[in-house]
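Shown here: data-v3.cif, mmCIF, C-alpha atoms and all ligand atoms.
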data_protein
#
loop_
_atom_site.label_atom_id
_atom_site.label_comp_id
_atom_site.auth_asym_id
_atom_site.auth_seq_id
_atom_site.Cartn_x
_atom_site.Cartn_y
_atom_site.Cartn_z
CA MET Y 1 -9.54 -25.31 -16.21
CA ASP Y 2 -12.23 -22.94 -14.92
CA THR Y 3 -14.03 -21.18 -17.76
CA SER Y 4 -16.20 -18.93 -15.53
CA VAL Y 5 -15.20 -15.27 -15.68
CA PRO Y 6 -14.20 -13.64 -12.38
CA ASP Y 7 -13.80 -9.89 -12.01
CA LEU Y 8 -12.11 -7.96 -14.75
CA HIS Y 9 -11.13 -4.50 -13.58
CA ASP Y 10 -11.30 -2.31 -16.69
CA THR Y 11 -10.91 1.50 -16.81
CA ARG Y 12 -11.47 1.88 -20.54
CA ARG Y 13 -14.98 3.35 -20.25
CA TYR Y 14 -13.70 5.79 -17.65
CA HIS Y 15 -10.82 6.96 -19.84
CA LEU Y 16 -12.97 7.27 -22.94
CA HIS Y 17 -15.77 9.29 -21.36
CA HIS Y 18 -14.53 10.99 -18.20
CA PRO Y 19 -12.59 14.29 -18.14
CA VAL Y 20 -9.32 12.91 -16.73
CA ASP Y 21 -7.56 15.15 -14.19
CA LEU Y 22 -3.92 14.09 -13.90
CA MET Y 23 -3.29 16.64 -11.15
CA THR Y 24 -5.19 14.34 -8.79
CA GLU Y 25 -2.93 11.42 -9.83
CA PHE Y 26 0.43 13.07 -9.09
CA THR Y 27 2.28 11.52 -12.04
CA VAL Y 28 6.08 11.63 -11.94
CA CYS Y 29 6.12 13.09 -15.43
CA GLU Y 30 3.87 16.03 -14.42
CA SER Y 31 5.82 16.64 -11.20
CA LEU Y 32 8.96 17.11 -13.32
CA GLY Y 33 7.14 18.36 -16.40
CA SER Y 34 8.41 21.93 -16.70
CA PRO Y 35 11.66 23.78 -15.89
CA ARG Y 36 9.53 25.90 -13.51
CA SER Y 37 8.17 22.87 -11.63
CA PRO Y 38 8.62 23.39 -7.85
CA THR Y 39 9.42 19.67 -7.41
CA LEU Y 40 12.11 19.74 -10.11
CA ARG Y 41 13.69 22.74 -8.38
CA ALA Y 42 13.41 21.27 -4.88
CA LEU Y 43 15.20 18.13 -6.08
CA GLY Y 44 17.90 20.25 -7.74
CA LEU Y 45 17.31 18.58 -11.12
CA ALA Y 46 18.18 20.50 -14.27
CA ARG Y 47 16.25 18.45 -16.87
CA THR Y 48 12.52 17.95 -17.25
CA TYR Y 49 11.25 14.37 -17.29
CA GLY Y 50 10.89 14.31 -21.09
CA ALA Y 51 14.32 15.85 -21.72
CA ARG Y 52 15.99 13.40 -19.31
CA LEU Y 53 14.17 10.46 -20.88
CA GLY Y 54 15.38 11.63 -24.29
CA ASP Y 55 18.98 11.91 -23.01
CA ARG Y 56 18.91 8.38 -21.66
CA LEU Y 57 17.28 6.88 -24.75
CA ARG Y 58 19.76 8.68 -27.02
CA ASP Y 59 22.71 7.49 -24.88
CA ARG Y 60 21.44 3.91 -25.24
CA GLY Y 61 21.15 4.23 -29.01
CA LEU Y 62 17.33 4.07 -28.94
CA LEU Y 63 16.73 7.69 -30.02
CA TRP Y 64 18.56 8.50 -33.23
CA LYS Y 65 18.38 10.89 -36.18
CA GLY Y 66 15.20 10.17 -38.15
CA CYS Y 67 13.53 8.22 -35.34
CA ARG Y 68 9.74 7.67 -35.46
CA ILE Y 69 8.24 7.55 -31.97
CA CYS Y 70 4.86 6.35 -30.75
CA GLU Y 71 3.81 7.47 -27.27
CA ILE Y 72 0.86 5.61 -25.80
CA GLY Y 73 -1.12 7.30 -23.01
CA GLY Y 74 0.67 10.65 -23.21
CA GLY Y 75 -1.55 12.49 -20.68
CA TYR Y 76 -1.07 16.25 -21.00
CA GLY Y 77 1.73 15.79 -23.56
CA SER Y 78 4.38 17.03 -21.11
CA LEU Y 79 6.77 14.13 -21.65
CA MET Y 80 6.75 14.49 -25.43
CA ARG Y 81 7.00 18.29 -25.23
CA GLY Y 82 10.10 17.99 -23.01
CA LEU Y 83 11.61 15.35 -25.28
CA LEU Y 84 11.00 17.40 -28.44
CA GLU Y 85 12.28 20.62 -26.87
CA ALA Y 86 15.54 18.85 -26.03
CA HIS Y 87 15.88 16.37 -28.91
CA GLY Y 88 13.46 17.52 -31.60
CA ASP Y 89 16.27 17.54 -34.19
CA LEU Y 90 16.45 13.73 -33.91
CA VAL Y 91 12.75 12.98 -34.24
CA ARG Y 92 11.16 12.54 -37.68
CA ARG Y 93 7.57 11.62 -36.68
CA VAL Y 94 5.53 11.27 -33.50
CA LEU Y 95 2.31 9.33 -33.11
CA MET Y 96 0.40 9.96 -29.89
CA VAL Y 97 -2.23 7.30 -29.05
CA ASP Y 98 -4.64 7.89 -26.19
CA LEU Y 99 -8.06 6.65 -25.10
CA SER Y 100 -9.15 9.94 -23.55
CA ARG Y 101 -11.06 12.36 -25.82
CA PHE Y 102 -10.34 15.03 -23.27
CA LEU Y 103 -6.58 14.41 -23.14
CA ILE Y 104 -6.00 14.12 -26.89
CA ASP Y 105 -7.19 17.73 -27.28
CA ILE Y 106 -4.69 18.82 -24.64
CA GLN Y 107 -1.96 16.78 -26.35
CA ARG Y 108 -2.71 18.44 -29.70
CA LYS Y 109 -2.27 21.87 -28.08
CA ALA Y 110 0.98 20.82 -26.36
CA MET Y 111 2.29 19.53 -29.71
CA GLU Y 112 1.39 22.74 -31.61
CA PRO Y 113 5.05 23.82 -32.22
CA TRP Y 114 5.75 20.43 -33.88
CA LYS Y 115 2.32 19.90 -35.48
CA GLU Y 116 3.77 19.10 -38.93
CA ARG Y 117 5.45 16.04 -37.46
CA VAL Y 118 2.90 14.92 -34.88
CA SER Y 119 -0.32 12.91 -35.25
CA VAL Y 120 -2.68 12.34 -32.33
CA ILE Y 121 -5.24 9.53 -32.43
CA LEU Y 122 -8.01 8.38 -30.12
CA ALA Y 123 -7.67 4.62 -29.66
CA ASP Y 124 -7.37 1.83 -27.15
CA ALA Y 125 -3.73 0.75 -26.98
CA LEU Y 126 -4.60 -2.93 -26.87
CA GLU Y 127 -6.77 -2.71 -29.96
CA VAL Y 128 -4.58 -0.43 -32.08
CA LEU Y 129 -1.10 -1.79 -31.37
CA PRO Y 130 -1.22 -4.78 -33.72
CA ALA Y 131 -2.15 -2.42 -36.58
CA LEU Y 132 0.69 0.07 -36.06
CA SER Y 133 3.72 0.03 -38.34
CA GLY Y 134 6.70 2.25 -39.11
CA ILE Y 135 7.53 2.89 -35.44
CA ASP Y 136 11.15 2.87 -34.22
CA LEU Y 137 10.48 3.41 -30.51
CA PHE Y 138 7.47 3.06 -28.19
CA ILE Y 139 7.15 5.20 -25.06
CA ILE Y 140 4.55 4.08 -22.52
CA ASN Y 141 4.87 6.13 -19.37
CA GLU Y 142 2.67 5.55 -16.31
CA MET Y 143 -0.08 4.05 -18.41
CA ILE Y 144 0.02 0.25 -18.01
CA GLY Y 145 -1.45 0.46 -14.47
CA ASP Y 146 -4.67 1.60 -16.17
CA LEU Y 147 -4.96 -1.51 -18.35
CA PRO Y 148 -7.34 -4.37 -17.46
CA VAL Y 149 -6.54 -6.51 -14.41
CA ARG Y 150 -7.97 -9.88 -13.37
CA THR Y 151 -8.77 -9.41 -9.71
CA GLY Y 152 -9.57 -11.65 -6.75
CA LEU Y 153 -8.01 -14.76 -8.27
CA ASP Y 154 -7.74 -18.15 -6.65
CA PRO Y 155 -4.50 -19.81 -7.84
CA LYS Y 156 -6.29 -23.18 -8.07
CA ARG Y 157 -9.13 -21.84 -10.25
CA LEU Y 158 -7.64 -19.38 -12.71
CA PRO Y 159 -9.84 -17.98 -15.47
CA ALA Y 160 -8.89 -19.12 -18.97
CA ASP Y 161 -7.05 -15.93 -20.00
CA ALA Y 162 -4.94 -15.77 -16.83
CA GLU Y 163 -4.19 -19.49 -16.98
CA ALA Y 164 -3.14 -19.14 -20.62
CA VAL Y 165 -0.52 -16.45 -19.91
CA VAL Y 166 0.70 -18.17 -16.75
CA ALA Y 167 1.24 -21.40 -18.71
CA ARG Y 168 2.65 -19.78 -21.88
CA PHE Y 169 5.24 -17.64 -20.10
CA GLY Y 170 5.80 -19.75 -16.96
CA LEU Y 171 4.64 -16.89 -14.72
CA ALA Y 172 4.75 -17.31 -10.95
CA VAL Y 173 1.47 -17.28 -9.01
CA PRO Y 174 1.17 -17.15 -5.21
CA ARG Y 175 0.26 -20.33 -3.29
CA GLU Y 176 -2.87 -18.74 -1.96
CA GLY Y 177 -5.28 -16.11 -3.18
CA PRO Y 178 -6.87 -13.81 -3.64
CA PHE Y 179 -4.40 -12.12 -5.93
CA HIS Y 180 -4.48 -10.00 -9.09
CA VAL Y 181 -2.85 -10.41 -12.52
CA ASN Y 182 -2.04 -7.45 -14.81
CA ILE Y 183 -3.58 -9.18 -17.81
CA GLY Y 184 -3.78 -5.97 -19.90
CA ALA Y 185 -0.14 -5.00 -19.26
CA ILE Y 186 0.95 -8.54 -20.15
CA ARG Y 187 -1.03 -8.34 -23.41
CA LEU Y 188 0.47 -4.94 -24.20
CA VAL Y 189 4.01 -6.26 -23.70
CA GLU Y 190 3.14 -9.28 -25.88
CA ALA Y 191 1.88 -6.92 -28.62
CA ILE Y 192 5.07 -4.79 -28.36
CA CYS Y 193 7.22 -7.92 -28.58
CA ARG Y 194 5.49 -8.97 -31.78
CA LYS Y 195 6.83 -5.74 -33.32
CA SER Y 196 10.53 -5.27 -33.95
CA ALA Y 197 10.76 -1.85 -32.23
CA PRO Y 198 12.13 -1.29 -28.72
CA ALA Y 199 10.00 0.18 -25.96
CA PHE Y 200 10.40 2.24 -22.79
CA LEU Y 201 7.82 1.67 -20.04
CA SER Y 202 7.46 3.02 -16.52
CA GLU Y 203 4.87 2.48 -13.83
CA HIS Y 204 4.08 2.06 -10.18
CA SER Y 205 5.35 -1.46 -9.40
CA SER Y 206 4.38 -4.18 -6.98
CA ASP Y 207 7.99 -5.44 -6.98
CA PRO Y 208 10.02 -2.23 -6.73
CA ILE Y 209 13.80 -1.88 -6.97
CA ILE Y 210 15.12 0.41 -4.24
CA PRO Y 211 18.27 2.40 -5.15
CA ARG Y 212 21.31 0.80 -3.51
CA GLU Y 213 22.40 4.10 -1.92
CA MET Y 214 18.92 4.73 -0.46
CA PRO Y 215 17.90 1.51 1.39
CA PHE Y 216 15.90 3.62 3.89
CA LEU Y 217 13.29 4.16 1.13
CA ALA Y 218 12.10 0.56 1.64
CA LYS Y 219 10.81 1.44 5.13
CA GLY Y 220 7.06 0.98 5.43
CA LEU Y 221 6.55 0.05 1.76
CA GLU Y 222 3.33 -1.82 1.13
CA ALA Y 223 4.77 -3.76 -1.82
CA THR Y 224 4.11 -7.50 -1.39
CA GLY Y 225 5.26 -8.44 -4.87
CA TRP Y 226 1.64 -8.74 -6.10
CA PRO Y 227 -0.43 -6.01 -7.74
CA ARG Y 228 -2.44 -3.84 -5.37
CA GLU Y 229 -5.30 -1.46 -6.04
CA ILE Y 230 -4.64 2.28 -5.90
CA ARG Y 231 -7.87 4.26 -5.60
CA LEU Y 232 -7.92 7.48 -7.60
CA THR Y 233 -10.61 9.97 -8.53
CA ALA Y 234 -13.56 8.04 -10.06
CA HIS Y 235 -11.38 5.02 -10.95
CA SER Y 236 -8.62 2.76 -9.66
CA GLU Y 237 -5.35 1.57 -11.09
CA TYR Y 238 -3.20 -1.40 -10.08
CA THR Y 239 0.52 -1.62 -9.39
CA ILE Y 240 2.42 -3.70 -11.94
CA ARG Y 241 4.32 -6.90 -11.31
CA PHE Y 242 7.32 -6.04 -13.48
CA SER Y 243 8.88 -9.48 -13.10
CA HIS Y 244 5.91 -10.89 -15.08
CA LEU Y 245 6.52 -8.37 -17.88
CA GLU Y 246 10.23 -9.21 -17.94
CA GLN Y 247 9.42 -12.91 -18.31
CA VAL Y 248 7.03 -12.21 -21.18
CA ALA Y 249 9.58 -10.07 -23.05
CA ARG Y 250 12.37 -12.61 -22.52
CA ALA Y 251 10.10 -15.39 -23.80
CA PHE Y 252 10.03 -13.48 -27.10
CA GLY Y 253 13.84 -13.39 -27.13
CA ARG Y 254 13.89 -9.70 -26.22
CA LYS Y 255 16.54 -8.14 -23.99
CA VAL Y 256 15.26 -6.31 -20.91
CA GLU Y 257 16.82 -3.60 -18.76
CA THR Y 258 15.00 -2.35 -15.69
CA GLY Y 259 15.61 -0.29 -12.57
CA SER Y 260 14.40 2.32 -10.14
CA LEU Y 261 12.69 5.37 -11.68
CA LEU Y 262 14.23 7.55 -8.97
CA GLU Y 263 17.71 6.70 -10.31
CA TRP Y 264 16.47 7.09 -13.87
CA VAL Y 265 15.34 10.71 -13.28
CA GLY Y 266 18.82 11.44 -11.94
CA TYR Y 267 18.16 12.14 -8.26
CA ALA Y 268 21.23 10.99 -6.33
CA ASN Y 269 21.40 13.13 -3.19
CA ALA Y 270 21.26 10.20 -0.75
CA GLU Y 271 22.25 12.33 2.25
CA LYS Y 272 19.43 14.82 1.82
CA ALA Y 273 16.97 12.04 0.95
CA ARG Y 274 17.91 10.12 4.13
CA PHE Y 275 17.46 13.18 6.30
CA VAL Y 276 14.12 14.21 4.81
CA PHE Y 277 12.73 10.68 4.58
CA ASN Y 278 13.72 9.56 8.07
CA ALA Y 279 12.81 12.82 9.80
CA ARG Y 280 9.40 13.03 8.04
CA ALA Y 281 9.07 16.43 9.72
CA CYS Y 282 9.60 19.05 7.09
CA SER Y 283 10.58 22.53 8.15
CA THR Y 284 10.72 23.98 4.63
CA ASP Y 285 8.60 23.78 1.46
CA GLU Y 286 11.59 22.27 -0.31
CA GLN Y 287 11.80 19.41 2.19
CA ALA Y 288 8.04 18.84 1.98
CA LEU Y 289 8.24 18.57 -1.83
CA ILE Y 290 11.19 16.18 -1.64
CA LEU Y 291 9.45 13.97 0.92
CA GLU Y 292 6.23 13.84 -1.09
CA PHE Y 293 8.16 12.98 -4.25
CA LEU Y 294 10.36 10.28 -2.66
CA ASP Y 295 7.38 8.69 -0.95
CA HIS Y 296 5.66 8.46 -4.33
CA ILE Y 297 8.46 7.53 -6.73
CA ARG Y 298 10.13 4.88 -4.59
CA GLU Y 299 7.69 2.24 -5.88
CA TYR Y 300 8.23 3.14 -9.54
CA ARG Y 301 10.26 1.16 -12.05
CA TRP Y 302 11.34 1.74 -15.61
CA MET Y 303 11.89 -0.96 -18.17
CA ILE Y 304 13.40 -1.02 -21.65
CA ILE Y 305 12.55 -3.85 -24.00
CA ARG Y 306 15.03 -4.13 -26.88
C1 LIG B 1 -1.94 8.01 -15.51
S1 LIG B 1 -2.08 8.77 -17.08
C2 LIG B 1 -0.37 9.06 -17.47
C3 LIG B 1 -0.16 10.18 -18.43
C4 LIG B 1 1.29 10.47 -18.78
N1 LIG B 1 1.89 9.40 -19.54
C5 LIG B 1 2.10 10.80 -17.55
O1 LIG B 1 3.03 10.04 -17.24
O2 LIG B 1 1.81 11.82 -16.90
C6 LIG B 1 -2.54 7.43 -18.16
C7 LIG B 1 -2.70 7.82 -19.60
O3 LIG B 1 -3.00 6.64 -20.36
C8 LIG B 1 -4.21 6.86 -21.12
N2 LIG B 1 -4.87 5.54 -21.25
C9 LIG B 1 -5.46 4.81 -20.27
N3 LIG B 1 -5.92 3.66 -20.77
C10 LIG B 1 -5.60 3.65 -22.09
C11 LIG B 1 -5.80 2.71 -23.14
N4 LIG B 1 -6.42 1.55 -22.95
N5 LIG B 1 -5.31 3.02 -24.37
C12 LIG B 1 -4.68 4.22 -24.60
N6 LIG B 1 -4.48 5.14 -23.63
C13 LIG B 1 -4.92 4.87 -22.39
C14 LIG B 1 -4.95 7.90 -20.29
O4 LIG B 1 -5.94 8.57 -21.03
C15 LIG B 1 -3.80 8.81 -19.86
O5 LIG B 1 -3.39 9.67 -20.88
#
The structure given in the file should be rewritten as structure tokens.
Amino acid sequence: MDTSVPDLHDTRRYHLHHPVDLMTEFTVCESLGSPRSPTLRALGLARTYGARLGDRLRDRGLLWKGCRICEIGGGYGSLMRGLLEAHGDLVRRVLMVDLSRFLIDIQRKAMEPWKERVSVILADALEVLPALSGIDLFIINEMIGDLPVRTGLDPKRLPADAEAVVARFGLAVPREGPFHVNIGAIRLVEAICRKSAPAFLSEHSSDPIIPREMPFLAKGLEATGWPREIRLTAHSEYTIRFSHLEQVARAFGRKVETGSLLEWVGYANAEKARFVFNARACSTDEQALILEFLDHIREYRWMIIR
């Protein structure tokens, strides 16, 4: 076992101190965050991201009358606002946990209409999770790609923490390096699994699931199965190897459901998607918005841990 410490990519200082601008990150939740969103309209979707998420969680029995929700990494609060606008009658309490001083102020403002029921705290998810109790459902949307990643690994000389999770959960590693392991996301899933509550997660994946009716979306994808760096303003995030997270959750005896986020948001117009995606030449604003959205969301997965 190699006990030297190779690179740990860690964005926690950035999130704590930097004024985060999610508009430069093009999150799926923000693209579909309001009924007036041009992308929502171009796609012909009727529900905001938060409302749709609430529908799906309710239909699966995970959002019920009296439910206490914890959202980790809630950004501008758009997801929770959409969920409460549509399903507020079901929700008893909301705890928003975020590491950005800048974003928690924005979340407090977004939660103003429900302020009696909502608490917002500044904390690192990995530190605070073990201490949380009284939560019926965790929502962690487009956040785990920001958690620490062991980068530039040689499969024959893994650092102690990566070797420990690989051995404990029987995780696959490539024959040759360098490769990266989403050590923070694995730890977060472990911490969730030590609680009894279910969780919804979504993120940019390194092992995407392409909707069956839209195989053309796989064309030109960079996904090799292993996490890759995505450079953003003043920081980077890494795509997530969801199959590792599934293995961790199953090792705890949890049930896992997972799929394509494009299907999850309810976009099913395969004909239009094929035309816009294959042509790549957009003659209208609507087509340009659809192309931009498809190109982005095709790598995203959702996962429910029960
Ligand atoms: C890419 S943004 C996504 C925001 C929102 N969930 C969305 O989908 O638009 C990541 C969010 O996670 C928060 N975050 C990043 N690292 C965190 C950590 N270690 N603990 C808690 N929150 C964190 C960021 O401040 C931000 O709110």
- Query: Which residue gives the smallest distance to ligand LIG 1 (chain B) among Y:Lys109, Y:His15, Y:Arg231, Y:Arg212, with all atoms listed in the file counted?
  - Reply: Y:His15
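Residue neighbourhood of stretch 276-288 of chain Y, excluding near-sequence residues (fewer than 4 positions): Ser37, Pro38, Thr39, Leu40, Arg41, Ala42, Leu43, Gly44, Met214, Pro215, Phe216, Leu217, Ala218, Lys219, Gly220, Asn269, Ala270, Glu271, Lys272, Glu292, Phe293, Leu294, Asp295, His296 and Arg298 of chain Y, at 12 Å, using only C-alpha atoms.
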- Site check for ligand LIG 1 (chain B): residues at most 6 Å away, only C-alpha atoms and all ligand atoms, as a PyMOL selection string: chain Y and resi 12+15+27+29-30+72-75+97-100+123-125+141-143+146-147
Let me see the file: selected residues, C-alpha atoms, as an mmCIF file, in the coordinates of the input.
data_model
loop_
_atom_site.group_PDB
_atom_site.id
_atom_site.type_symbol
_atom_site.label_atom_id
_atom_site.label_comp_id
_atom_site.auth_asym_id
_atom_site.auth_seq_id
_atom_site.Cartn_x
_atom_site.Cartn_y
_atom_site.Cartn_z
ATOM 1 C CA ARG Y 12 -11.470 1.880 -20.540
ATOM 2 C CA HIS Y 15 -10.820 6.960 -19.840
ATOM 3 C CA THR Y 27 2.280 11.520 -12.040
ATOM 4 C CA CYS Y 29 6.120 13.090 -15.430
ATOM 5 C CA GLU Y 30 3.870 16.030 -14.420
ATOM 6 C CA ILE Y 72 0.860 5.610 -25.800
ATOM 7 C CA GLY Y 73 -1.120 7.300 -23.010
ATOM 8 C CA GLY Y 74 0.670 10.650 -23.210
ATOM 9 C CA GLY Y 75 -1.550 12.490 -20.680
ATOM 10 C CA VAL Y 97 -2.230 7.300 -29.050
ATOM 11 C CA ASP Y 98 -4.640 7.890 -26.190
ATOM 12 C CA LEU Y 99 -8.060 6.650 -25.100
ATOM 13 C CA SER Y 100 -9.150 9.940 -23.550
ATOM 14 C CA ALA Y 123 -7.670 4.620 -29.660
ATOM 15 C CA ASP Y 124 -7.370 1.830 -27.150
ATOM 16 C CA ALA Y 125 -3.730 0.750 -26.980
ATOM 17 C CA ASN Y 141 4.870 6.130 -19.370
ATOM 18 C CA GLU Y 142 2.670 5.550 -16.310
ATOM 19 C CA MET Y 143 -0.080 4.050 -18.410
ATOM 20 C CA ASP Y 146 -4.670 1.600 -16.170
ATOM 21 C CA LEU Y 147 -4.960 -1.510 -18.350
#
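For Y:Glu257, the non-local neighbours within 8 Å, defined as residues at least 4 positions apart in the same chain or in other chains and counting all atoms listed in the file, are Met303, Ile304 and Ile305 of chain Y.
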Can I get the selected residues back with C-alpha atoms, as a PDB file, keeping the file's coordinate frame?
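New file result_39.pdb:
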ATOM      1  CA  MET Y 303      11.890  -0.960 -18.170  1.00  0.00           C
ATOM      2  CA  ILE Y 304      13.400  -1.020 -21.650  1.00  0.00           C
ATOM      3  CA  ILE Y 305      12.550  -3.850 -24.000  1.00  0.00           C
TER       4      ILE Y 305
END
- Near-Y:Arg187 list (8 Å; all atoms listed in the file; drop same-chain fewer than 4 positions) as a PyMOL selection string: chain Y and resi 126+183+191
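Proximity of Y:Ala199, Y:Leu221, Y:Ala249, Y:Leu103 to Y:Leu22, computed with only C-alpha atoms, is greatest for Y:Leu103.
Going from atom CA of Y:Asp154 over to atom CA of Y:Ala172, you cover 13.2 Å.
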